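Below is one structure; the comments refer to it alone.
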Amino acid sequence: MSTKRPKPDRAEPSRVRFADVFGIGSVGIRTRKLRTALTAIGVAIGIAALVSVMGISASSKADLAAQLDALGTNRLEVQAGSSFAPGGTATLSDVAIPMIRRIGAVTSASGITTVTTSVRRNDFVDATVTNGIAVNATDPFFLGASGATLASGRFIDAAAQNFPNIVLGATAAQRLAINVANGRTRVYLNGNWFDVIGILKPIAILPNLDSAAFIGYPIAAKLFATPAAPATVFVLTDPAQLDAVRGILGATANPESPGEVSVSRPSDVIAAKKAADTSLTALLLGLGGIALIVGGIGIANVMVISVLERRTEIGVRRALGATKRHIRLQFVVEAVLLSLLGGIIGVALGIAVTVGYTKFQHIVLSIPALSLAAGIGAALIVGALAGISPAARAARLAPADAIRPA
Amino acid sequence: MSEAAGAARAVIELHDVVKEYPGSPPVRALDGIDLRVAYGEFVAIVGPSGSGKSTMLNLLGALDRPTSGTVAIDGTEISDLRDSELSALRGRRIGFVFQSFNLIDGLDAIENVALGLVYAGLSRKIRVQRSVEALERVGLAHRSDHSPARLSGGERQRVAIARAIVTEPALLLADEPTGNLDTKTGETIIETFRELHRDGSTILLITHDQAIAGAIPRRVTMRDGLIIDTEAVVV
Ligand SMILES: Nc1ncnc2c1ncn2[C@@H]1O[C@H](COP(=O)(O)OP(=O)(O)OP(=O)(O)O)[C@@H](O)[C@H]1O
Ligand SMILES: [Mg+2]
């Protein structure tokens, strides 16, 4: 019988329903639960790192934006800048504040001038110990113009500015170990006792004022000969006219040399600073990526072992009609499911870490949907890549070899 | 020889089949074999260890291709077929029973039986229906949700037989199906094959057991890669 059949009676091709692909690919995972869990952990850690880094970074950004919005992005800071006059401390014009207040769009303006003195808890502390606290003379409009708020007590008002009363920034109060302004605490400024009448909350947009202390202009002039001309003026403007105001502040604050005046928007400075803080985020993302790659290698390893162990199963499936493609699909699906499991655990973990972090830091929670999609997507890709080579190996096994008892 | 009995259509036709395994030196496991098996036959393949029985069964099962010669199974010459077509031929026309059962641990009895139907693309409903029928035929319907680990050796082998017959293959191949079983259990397995044969299945079965071989209608004896005795077809 060597005559060639013109049209051989061929068997109907093997085929697998789409609905069965998942079942075929999950047998190995279901029967080796501990191994599955251990393997998935690697990917889970990587994905958790990625999701939490993105979540924390997004939360910090959202929180900063919320903070800046709350504090007002319509605040400007006018500084004397550098004076070219030899030996002179840079100050603005004596009448800078009243002039600025005259600008229609300006809601509020207030100045500060450095006072040459130090703050000590009492006269036993050496005068050279400044605690890093800068003393500033200021006026009763400071809170409104700068956006600072009180944590305790009251601010310097029209009456209080004439007497030895002092308000401490949050950090300054901490350094002096003063928690509350109850009218009974005094501090020592070079031979003069000042009553602590108020303590400020941290000022998010002007963090360097946290370590400052504030007294009234009149008392500063009387005790420390502080000039009336401000070194810095804080300006609150109509948000719509911010740029217009910005343009004329220099000439208003120092008509003689407007070029020396520097005008900045504190919220911009903070935002720029935070934006520059991305190196840590990048580092953490990199570490997460490495964890993910290591996790993927773990999956590839386990898949290679799985293929070796299941040689006979592969042979049986081939004998029962599975094509090479079906075997390849089975092991790729298995690797993807393994990785996907890790991805789901990782995303859950990443969300938990982000929620925990924002709770702990008391900041706004923001988890970008993109990071969740990216987490799952990365897991799928890692699984597929990890599965390709072991699956190809499984598919290459010759049925007769696979089935031969070892 | 069987060539003469050409009246019945053959399920198996081997012509001058040689199988050589590469290596140094190469092993010539089959050294030019002719064999013809008609539909409905029950054949025992016997011979000493290493004589080429499993090698021949692999070719009959389209698990492997010959080095030279022709192998036609259920009317299909396998050298014409692509790998995926060999898979289809195995899945649709051939049932396999192995010495070590080779059930898949993660699947329960009925899922093991249904495995071949998965690759035939049948729906779950039909798979369950036909698998239950197959398990009934081997007397194991009551064990359908047991995992292989919880079955005795004889029960495992009957699940494996159910898996082999569920696709209603033209040809049932068994390589020492009683090799891992005690004599008594082995006899019940052979009885199951006998019933399948009575119902019309074509069966080729390798065995070392003289008593079993003696009770099978036709014996093919092999030695050193050759068939040294094949009793005439009695149809
Ligand atoms: N994949 C292979 N590669 C190399 N040699 C092989 C391979 N398979 C079988 N052989 C050799 O071919 C010869 C026939 O082997 P086969 O397995 O067909 O014998 P058998 O009759 O089934 O023996 P047994 O009764 O022990 O199962 C033996 O010499 C064996 O070593
Ligand atoms: Mg053998």
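Identifiers in this document derive from the order of the structure tokens: chains are assigned A, B, ..., residues are numbered from 1 separately in each chain, and ligands are numbered from 1 in order of occurrence.
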Produce as a PDB file with all heavy atoms, in the first residue's frame the set of residues near ligand 1, where near means within 7 Å with only C-alpha atoms and all ligand atoms considered.
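Now in result_21.pdb:
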ATOM      1  N   ASP A 401       9.371  11.731  23.514  1.00  0.00           N
ATOM      2  CA  ASP A 401      10.358  11.888  24.581  1.00  0.00           C
ATOM      3  C   ASP A 401       9.687  12.280  25.882  1.00  0.00           C
ATOM      4  O   ASP A 401      10.052  11.809  26.953  1.00  0.00           O
ATOM      5  CB  ASP A 401      11.375  12.984  24.211  1.00  0.00           C
ATOM      6  CG  ASP A 401      12.323  12.515  23.126  1.00  0.00           C
ATOM      7  OD1 ASP A 401      12.428  11.287  22.946  1.00  0.00           O
ATOM      8  OD2 ASP A 401      12.936  13.377  22.462  1.00  0.00           O
TER       9      ASP A 401
ATOM     10  N   TYR B  21      17.476   5.893  16.316  1.00  0.00           N
ATOM     11  CA  TYR B  21      17.711   7.000  17.248  1.00  0.00           C
ATOM     12  C   TYR B  21      19.133   7.468  17.072  1.00  0.00           C
ATOM     13  O   TYR B  21      20.065   6.667  17.140  1.00  0.00           O
ATOM     14  CB  TYR B  21      17.469   6.563  18.690  1.00  0.00           C
ATOM     15  CG  TYR B  21      16.013   6.270  18.989  1.00  0.00           C
ATOM     16  CD1 TYR B  21      15.566   4.969  19.196  1.00  0.00           C
ATOM     17  CD2 TYR B  21      15.088   7.313  19.063  1.00  0.00           C
ATOM     18  CE1 TYR B  21      14.235   4.706  19.481  1.00  0.00           C
ATOM     19  CE2 TYR B  21      13.756   7.053  19.338  1.00  0.00           C
ATOM     20  CZ  TYR B  21      13.333   5.758  19.547  1.00  0.00           C
ATOM     21  OH  TYR B  21      12.026   5.514  19.808  1.00  0.00           O
ATOM     22  N   PRO B  22      19.327   8.754  16.825  1.00  0.00           N
ATOM     23  CA  PRO B  22      20.690   9.247  16.624  1.00  0.00           C
ATOM     24  C   PRO B  22      21.511   9.105  17.900  1.00  0.00           C
ATOM     25  O   PRO B  22      20.973   9.043  18.990  1.00  0.00           O
ATOM     26  CB  PRO B  22      20.487  10.725  16.258  1.00  0.00           C
ATOM     27  CG  PRO B  22      19.135  11.076  16.768  1.00  0.00           C
ATOM     28  CD  PRO B  22      18.330   9.813  16.772  1.00  0.00           C
ATOM     29  N   VAL B  27      21.043   3.949  17.419  1.00  0.00           N
ATOM     30  CA  VAL B  27      20.295   2.738  17.768  1.00  0.00           C
ATOM     31  C   VAL B  27      19.209   2.523  16.728  1.00  0.00           C
ATOM     32  O   VAL B  27      18.380   3.393  16.482  1.00  0.00           O
ATOM     33  CB  VAL B  27      19.643   2.884  19.169  1.00  0.00           C
ATOM     34  CG1 VAL B  27      18.853   1.620  19.497  1.00  0.00           C
ATOM     35  CG2 VAL B  27      20.698   3.161  20.224  1.00  0.00           C
ATOM     36  N   ARG B  28      19.257   1.347  16.094  1.00  0.00           N
ATOM     37  CA  ARG B  28      18.233   1.024  15.120  1.00  0.00           C
ATOM     38  C   ARG B  28      17.138   0.242  15.841  1.00  0.00           C
ATOM     39  O   ARG B  28      17.201  -0.979  15.967  1.00  0.00           O
ATOM     40  CB  ARG B  28      18.859   0.187  13.996  1.00  0.00           C
ATOM     41  CG  ARG B  28      18.147   0.293  12.676  1.00  0.00           C
ATOM     42  CD  ARG B  28      18.993  -0.427  11.611  1.00  0.00           C
ATOM     43  NE  ARG B  28      18.301  -0.526  10.340  1.00  0.00           N
ATOM     44  CZ  ARG B  28      18.332   0.412   9.395  1.00  0.00           C
ATOM     45  NH1 ARG B  28      19.005   1.516   9.581  1.00  0.00           N
ATOM     46  NH2 ARG B  28      17.666   0.222   8.259  1.00  0.00           N
ATOM     47  N   ALA B  29      16.152   0.980  16.359  1.00  0.00           N
ATOM     48  CA  ALA B  29      15.133   0.364  17.211  1.00  0.00           C
ATOM     49  C   ALA B  29      14.129  -0.439  16.393  1.00  0.00           C
ATOM     50  O   ALA B  29      13.603  -1.443  16.861  1.00  0.00           O
ATOM     51  CB  ALA B  29      14.403   1.435  18.019  1.00  0.00           C
ATOM     52  N   GLY B  47       7.350  -9.421  23.268  1.00  0.00           N
ATOM     53  CA  GLY B  47       8.744  -9.504  22.855  1.00  0.00           C
ATOM     54  C   GLY B  47       9.623  -9.070  24.006  1.00  0.00           C
ATOM     55  O   GLY B  47       9.160  -8.400  24.931  1.00  0.00           O
ATOM     56  N   PRO B  48      10.897  -9.432  23.946  1.00  0.00           N
ATOM     57  CA  PRO B  48      11.786  -9.083  25.051  1.00  0.00           C
ATOM     58  C   PRO B  48      12.003  -7.573  25.171  1.00  0.00           C
ATOM     59  O   PRO B  48      11.710  -6.817  24.250  1.00  0.00           O
ATOM     60  CB  PRO B  48      13.096  -9.799  24.680  1.00  0.00           C
ATOM     61  CG  PRO B  48      13.001 -10.101  23.231  1.00  0.00           C
ATOM     62  CD  PRO B  48      11.560 -10.204  22.885  1.00  0.00           C
ATOM     63  N   SER B  49      12.517  -7.207  26.311  1.00  0.00           N
ATOM     64  CA  SER B  49      12.801  -5.802  26.574  1.00  0.00           C
ATOM     65  C   SER B  49      13.800  -5.279  25.539  1.00  0.00           C
ATOM     66  O   SER B  49      14.774  -5.953  25.222  1.00  0.00           O
ATOM     67  CB  SER B  49      13.365  -5.661  27.985  1.00  0.00           C
ATOM     68  OG  SER B  49      13.477  -4.310  28.311  1.00  0.00           O
ATOM     69  N   GLY B  50      13.533  -4.090  25.023  1.00  0.00           N
ATOM     70  CA  GLY B  50      14.446  -3.488  24.057  1.00  0.00           C
ATOM     71  C   GLY B  50      14.204  -3.951  22.640  1.00  0.00           C
ATOM     72  O   GLY B  50      14.940  -3.572  21.730  1.00  0.00           O
ATOM     73  N   SER B  51      13.167  -4.735  22.416  1.00  0.00           N
ATOM     74  CA  SER B  51      12.937  -5.266  21.071  1.00  0.00           C
ATOM     75  C   SER B  51      12.259  -4.243  20.151  1.00  0.00           C
ATOM     76  O   SER B  51      12.149  -4.474  18.953  1.00  0.00           O
ATOM     77  CB  SER B  51      12.098  -6.544  21.158  1.00  0.00           C
ATOM     78  OG  SER B  51      10.883  -6.287  21.834  1.00  0.00           O
ATOM     79  N   GLY B  52      11.809  -3.114  20.710  1.00  0.00           N
ATOM     80  CA  GLY B  52      11.242  -2.072  19.850  1.00  0.00           C
ATOM     81  C   GLY B  52       9.732  -1.919  19.957  1.00  0.00           C
ATOM     82  O   GLY B  52       9.122  -1.212  19.157  1.00  0.00           O
ATOM     83  N   LYS B  53       9.117  -2.532  20.955  1.00  0.00           N
ATOM     84  CA  LYS B  53       7.655  -2.491  21.089  1.00  0.00           C
ATOM     85  C   LYS B  53       7.155  -1.057  21.295  1.00  0.00           C
ATOM     86  O   LYS B  53       6.255  -0.586  20.595  1.00  0.00           O
ATOM     87  CB  LYS B  53       7.196  -3.363  22.282  1.00  0.00           C
ATOM     88  CG  LYS B  53       7.654  -4.822  22.181  1.00  0.00           C
ATOM     89  CD  LYS B  53       7.114  -5.649  23.322  1.00  0.00           C
ATOM     90  CE  LYS B  53       7.634  -5.236  24.704  1.00  0.00           C
ATOM     91  NZ  LYS B  53       9.078  -5.463  24.882  1.00  0.00           N
ATOM     92  N   SER B  54       7.757  -0.373  22.288  1.00  0.00           N
ATOM     93  CA  SER B  54       7.307   0.996  22.578  1.00  0.00           C
ATOM     94  C   SER B  54       7.589   1.911  21.392  1.00  0.00           C
ATOM     95  O   SER B  54       6.794   2.798  21.066  1.00  0.00           O
ATOM     96  CB  SER B  54       8.003   1.534  23.821  1.00  0.00           C
ATOM     97  OG  SER B  54       7.606   0.797  24.956  1.00  0.00           O
ATOM     98  N   THR B  55       8.739   1.696  20.760  1.00  0.00           N
ATOM     99  CA  THR B  55       9.089   2.509  19.593  1.00  0.00           C
ATOM    100  C   THR B  55       8.020   2.375  18.516  1.00  0.00           C
ATOM    101  O   THR B  55       7.560   3.372  17.942  1.00  0.00           O
ATOM    102  CB  THR B  55      10.459   2.060  19.044  1.00  0.00           C
ATOM    103  OG1 THR B  55      11.423   2.214  20.073  1.00  0.00           O
ATOM    104  CG2 THR B  55      10.860   2.893  17.841  1.00  0.00           C
ATOM    105  N   MET B  56       7.589   1.127  18.278  1.00  0.00           N
ATOM    106  CA  MET B  56       6.568   0.913  17.253  1.00  0.00           C
ATOM    107  C   MET B  56       5.242   1.549  17.674  1.00  0.00           C
ATOM    108  O   MET B  56       4.564   2.198  16.872  1.00  0.00           O
ATOM    109  CB  MET B  56       6.364  -0.581  16.996  1.00  0.00           C
ATOM    110  CG  MET B  56       5.394  -0.824  15.860  1.00  0.00           C
ATOM    111  SD  MET B  56       5.252  -2.552  15.404  1.00  0.00           S
ATOM    112  CE  MET B  56       4.232  -3.189  16.703  1.00  0.00           C
TER     113      MET B  56
END
Practice item. Do a neighbour search on region 130-136 of chain B at 6 Å with only C-alpha atoms, toss out local chain neighbours closer than 6 positions, and write the hits as a list in words. Key: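 In the requested form, the answer reads Val113, Ala114, Ala162 and Val166 of chain B.
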Exercise for review: Could you jot down the CA of Ile78 (chain B) to CA of Arg90 (chain B) separation for me, Å, one decimal place?
Suggested key: 10.8 Å
Given only C-alpha atoms, how would the per-residue table for chain A near chain B read, listing every residue at most 10 Å away with its closest atom pair and distance in Å to one decimal, sorted by chain and number, as a Markdown table?
| residue | atom | partner | partner_atom | distance |
| --- | --- | --- | --- | --- |
| A:Met1 | CA | B:His15 | CA | 7.7 |
| A:Ser2 | CA | B:Thr70 | CA | 7.7 |
| A:Lys4 | CA | B:Glu77 | CA | 8.3 |
| A:Arg5 | CA | B:Glu77 | CA | 8.2 |
| A:Lys7 | CA | B:Thr76 | CA | 9.5 |
| A:Pro8 | CA | B:Thr76 | CA | 5.8 |
| A:Asp9 | CA | B:Thr76 | CA | 6.1 |
| A:Arg10 | CA | B:Thr76 | CA | 6.5 |
| A:Ala11 | CA | B:Leu89 | CA | 5.2 |
| A:Glu12 | CA | B:Ala88 | CA | 6.3 |
| A:Pro13 | CA | B:Ala88 | CA | 4.9 |
| A:Ser14 | CA | B:Ala88 | CA | 4.9 |
| A:Arg15 | CA | B:Gly121 | CA | 5.0 |
| A:Val16 | CA | B:Gly121 | CA | 4.7 |
| A:Arg17 | CA | B:Gly121 | CA | 5.4 |
| A:Phe18 | CA | B:Gly121 | CA | 9.2 |
| A:Ala19 | CA | B:Ser123 | CA | 9.3 |
| A:Asp20 | CA | B:Val118 | CA | 7.4 |
| A:Val21 | CA | B:Val118 | CA | 9.6 |
| A:Ile24 | CA | B:Val118 | CA | 9.0 |
| A:Ser26 | CA | B:Gly106 | CA | 9.5 |
| A:Val27 | CA | B:Gly106 | CA | 5.8 |
| A:Gly28 | CA | B:Gly106 | CA | 7.1 |
| A:Ile29 | CA | B:Gly106 | CA | 9.1 |
| A:Arg30 | CA | B:Gly106 | CA | 7.1 |
| A:Thr31 | CA | B:Gly106 | CA | 5.3 |
| A:Arg32 | CA | B:Gly106 | CA | 8.8 |
| A:Arg310 | CA | B:Ile104 | CA | 9.3 |
| A:Thr312 | CA | B:Asn102 | CA | 7.0 |
| A:Glu313 | CA | B:Ile104 | CA | 6.4 |
| A:Ile314 | CA | B:Ile104 | CA | 9.9 |
| A:Gly315 | CA | B:Leu63 | CA | 9.1 |
| A:Val316 | CA | B:Asn102 | CA | 7.0 |
| A:Arg317 | CA | B:Gly116 | CA | 7.6 |
| A:Arg318 | CA | B:Ser87 | CA | 6.5 |
| A:Ala319 | CA | B:Arg90 | CA | 5.8 |
| A:Leu320 | CA | B:Gly91 | CA | 4.6 |
| A:Gly321 | CA | B:Gly91 | CA | 3.6 |
| A:Ala322 | CA | B:Tyr119 | CA | 5.8 |
| A:Thr323 | CA | B:Ser84 | CA | 5.4 |
| A:Lys324 | CA | B:Ser84 | CA | 7.2 |
| A:Arg325 | CA | B:Ser84 | CA | 8.5 |
| A:His326 | CA | B:Tyr119 | CA | 8.5 |
| A:Ala398 | CA | B:Asp64 | CA | 7.9 |
| A:Pro399 | CA | B:Leu63 | CA | 5.6 |
| A:Ala400 | CA | B:Leu63 | CA | 5.2 |
| A:Asp401 | CA | B:Leu63 | CA | 8.9 |
| A:Ala402 | CA | B:Leu63 | CA | 9.9 |
| A:Ile403 | CA | B:Asn102 | CA | 8.7 |
| A:Arg404 | CA | B:Ser54 | CA | 9.1 |
| A:Pro405 | CA | B:Ser100 | CA | 7.8 |
Pick out the residues sitting within 7 Å of region 372-374 of chain A, and hand them over as a tab-separated table (two decimals) with all heavy atoms, in the first residue's frame; count only C-alpha atoms, and ignore anything fewer than 4 positions along from it in its own chain.
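Final file, selection.tsv:
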chain	number	residue	atom	x	y	z
A	51	VAL	N	3.71	51.42	42.69
A	51	VAL	CA	2.42	52.06	42.96
A	51	VAL	C	2.52	53.02	44.14
A	51	VAL	O	2.00	54.13	44.09
A	51	VAL	CB	1.32	50.99	43.21
A	51	VAL	CG1	0.05	51.62	43.74
A	51	VAL	CG2	1.04	50.22	41.93
A	347	VAL	N	-0.47	45.93	43.87
A	347	VAL	CA	-1.28	47.15	43.78
A	347	VAL	C	-1.99	47.39	45.11
A	347	VAL	O	-1.99	48.51	45.63
A	347	VAL	CB	-2.30	47.03	42.62
A	347	VAL	CG1	-3.39	48.07	42.76
A	347	VAL	CG2	-1.59	47.18	41.28
A	378	ALA	N	2.35	46.40	34.03
A	378	ALA	CA	3.74	45.97	34.20
A	378	ALA	C	3.78	44.49	34.58
A	378	ALA	O	4.62	43.73	34.07
A	378	ALA	CB	4.44	46.81	35.27
Exercise for review: as an NGL selection string, please: all residues of region 20-227 of chain A that backbone DSSP puts in strand (DSSP E or B).
Suggested key: :A and (75-79 or 106-115 or 120 or 134-138 or 150-153 or 165-168 or 186-189 or 192-200 or 212-216)
**Study point:** 8 Å contact set for Gly46 (chain A), only C-alpha atoms, chain neighbours under 5 positions out, as a list in words
**Key:**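 The neighbour list is Leu287, Gly288, Gly289, Ile290, Ala291, Leu292, Ile293, Gly295 and Gly346 of chain A.
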Go ahead and write the residues just picked, all heavy atoms, as a PDB file, in the first residue's frame.
ATOM      1  N   LEU A 287      14.397  51.498  42.066  1.00  0.00           N
ATOM      2  CA  LEU A 287      14.473  50.312  42.937  1.00  0.00           C
ATOM      3  C   LEU A 287      13.270  49.408  42.706  1.00  0.00           C
ATOM      4  O   LEU A 287      13.396  48.186  42.648  1.00  0.00           O
ATOM      5  CB  LEU A 287      14.539  50.740  44.408  1.00  0.00           C
ATOM      6  CG  LEU A 287      15.878  51.350  44.846  1.00  0.00           C
ATOM      7  CD1 LEU A 287      15.806  51.793  46.307  1.00  0.00           C
ATOM      8  CD2 LEU A 287      17.009  50.354  44.655  1.00  0.00           C
ATOM      9  N   GLY A 288      12.085  50.035  42.572  1.00  0.00           N
ATOM     10  CA  GLY A 288      10.870  49.260  42.293  1.00  0.00           C
ATOM     11  C   GLY A 288      11.018  48.499  40.986  1.00  0.00           C
ATOM     12  O   GLY A 288      10.652  47.325  40.895  1.00  0.00           O
ATOM     13  N   GLY A 289      11.570  49.172  39.996  1.00  0.00           N
ATOM     14  CA  GLY A 289      11.775  48.529  38.694  1.00  0.00           C
ATOM     15  C   GLY A 289      12.709  47.338  38.807  1.00  0.00           C
ATOM     16  O   GLY A 289      12.466  46.282  38.224  1.00  0.00           O
ATOM     17  N   ILE A 290      13.766  47.505  39.605  1.00  0.00           N
ATOM     18  CA  ILE A 290      14.717  46.405  39.788  1.00  0.00           C
ATOM     19  C   ILE A 290      14.023  45.239  40.496  1.00  0.00           C
ATOM     20  O   ILE A 290      14.162  44.079  40.092  1.00  0.00           O
ATOM     21  CB  ILE A 290      15.955  46.884  40.574  1.00  0.00           C
ATOM     22  CG1 ILE A 290      16.773  47.836  39.686  1.00  0.00           C
ATOM     23  CG2 ILE A 290      16.803  45.695  41.016  1.00  0.00           C
ATOM     24  CD1 ILE A 290      17.877  48.562  40.412  1.00  0.00           C
ATOM     25  N   ALA A 291      13.235  45.571  41.541  1.00  0.00           N
ATOM     26  CA  ALA A 291      12.492  44.513  42.253  1.00  0.00           C
ATOM     27  C   ALA A 291      11.600  43.756  41.278  1.00  0.00           C
ATOM     28  O   ALA A 291      11.476  42.529  41.332  1.00  0.00           O
ATOM     29  CB  ALA A 291      11.666  45.116  43.375  1.00  0.00           C
ATOM     30  N   LEU A 292      11.003  44.509  40.361  1.00  0.00           N
ATOM     31  CA  LEU A 292      10.096  43.900  39.386  1.00  0.00           C
ATOM     32  C   LEU A 292      10.854  42.963  38.442  1.00  0.00           C
ATOM     33  O   LEU A 292      10.400  41.855  38.144  1.00  0.00           O
ATOM     34  CB  LEU A 292       9.415  45.019  38.593  1.00  0.00           C
ATOM     35  CG  LEU A 292       8.213  44.635  37.765  1.00  0.00           C
ATOM     36  CD1 LEU A 292       7.158  43.994  38.625  1.00  0.00           C
ATOM     37  CD2 LEU A 292       7.637  45.880  37.091  1.00  0.00           C
ATOM     38  N   ILE A 293      12.022  43.414  38.014  1.00  0.00           N
ATOM     39  CA  ILE A 293      12.828  42.577  37.123  1.00  0.00           C
ATOM     40  C   ILE A 293      13.261  41.306  37.855  1.00  0.00           C
ATOM     41  O   ILE A 293      13.172  40.198  37.328  1.00  0.00           O
ATOM     42  CB  ILE A 293      14.065  43.362  36.613  1.00  0.00           C
ATOM     43  CG1 ILE A 293      13.599  44.462  35.651  1.00  0.00           C
ATOM     44  CG2 ILE A 293      15.053  42.424  35.934  1.00  0.00           C
ATOM     45  CD1 ILE A 293      14.691  45.444  35.270  1.00  0.00           C
ATOM     46  N   GLY A 295      11.717  39.967  40.314  1.00  0.00           N
ATOM     47  CA  GLY A 295      10.497  39.159  40.412  1.00  0.00           C
ATOM     48  C   GLY A 295      10.235  38.397  39.123  1.00  0.00           C
ATOM     49  O   GLY A 295       9.873  37.220  39.143  1.00  0.00           O
ATOM     50  N   GLY A 346       0.465  43.406  44.736  1.00  0.00           N
ATOM     51  CA  GLY A 346       1.338  44.581  44.769  1.00  0.00           C
ATOM     52  C   GLY A 346       0.550  45.878  44.725  1.00  0.00           C
ATOM     53  O   GLY A 346       0.851  46.819  45.465  1.00  0.00           O
TER      54      GLY A 346
END
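One distance worth recording is that between CA of Asn254 (chain A) and CA of Ala240 (chain A), which is 24.1 Å.
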Practice item. Please provide as a count of residues only all residues within 9 Å of Thr354 (chain A), with the sequence filter that same-chain residues fewer than 6 positions apart are discarded (counting only C-alpha atoms). Key: 10
Review point. CA of Ala271 (chain A) and CA of Pro230 (chain A) are how many Å apart?
Key: 26.2 Å
Practice item. Find the spatial neighbours of region 156-158 of chain A, counting only C-alpha atoms, within a cut-off of 7 Å - ignore same-chain residues fewer than 3 positions away - and output them as a list in words. Key: Pro140, Gln161 and Gly216 of chain A
Point to revise | Residues near Leu150 (chain A), cut-off 7 Å, only C-alpha atoms, skip fewer than 5 positions along chain, as a list in words | key: Gly198, Ile199, Leu200 and Lys201 of chain A
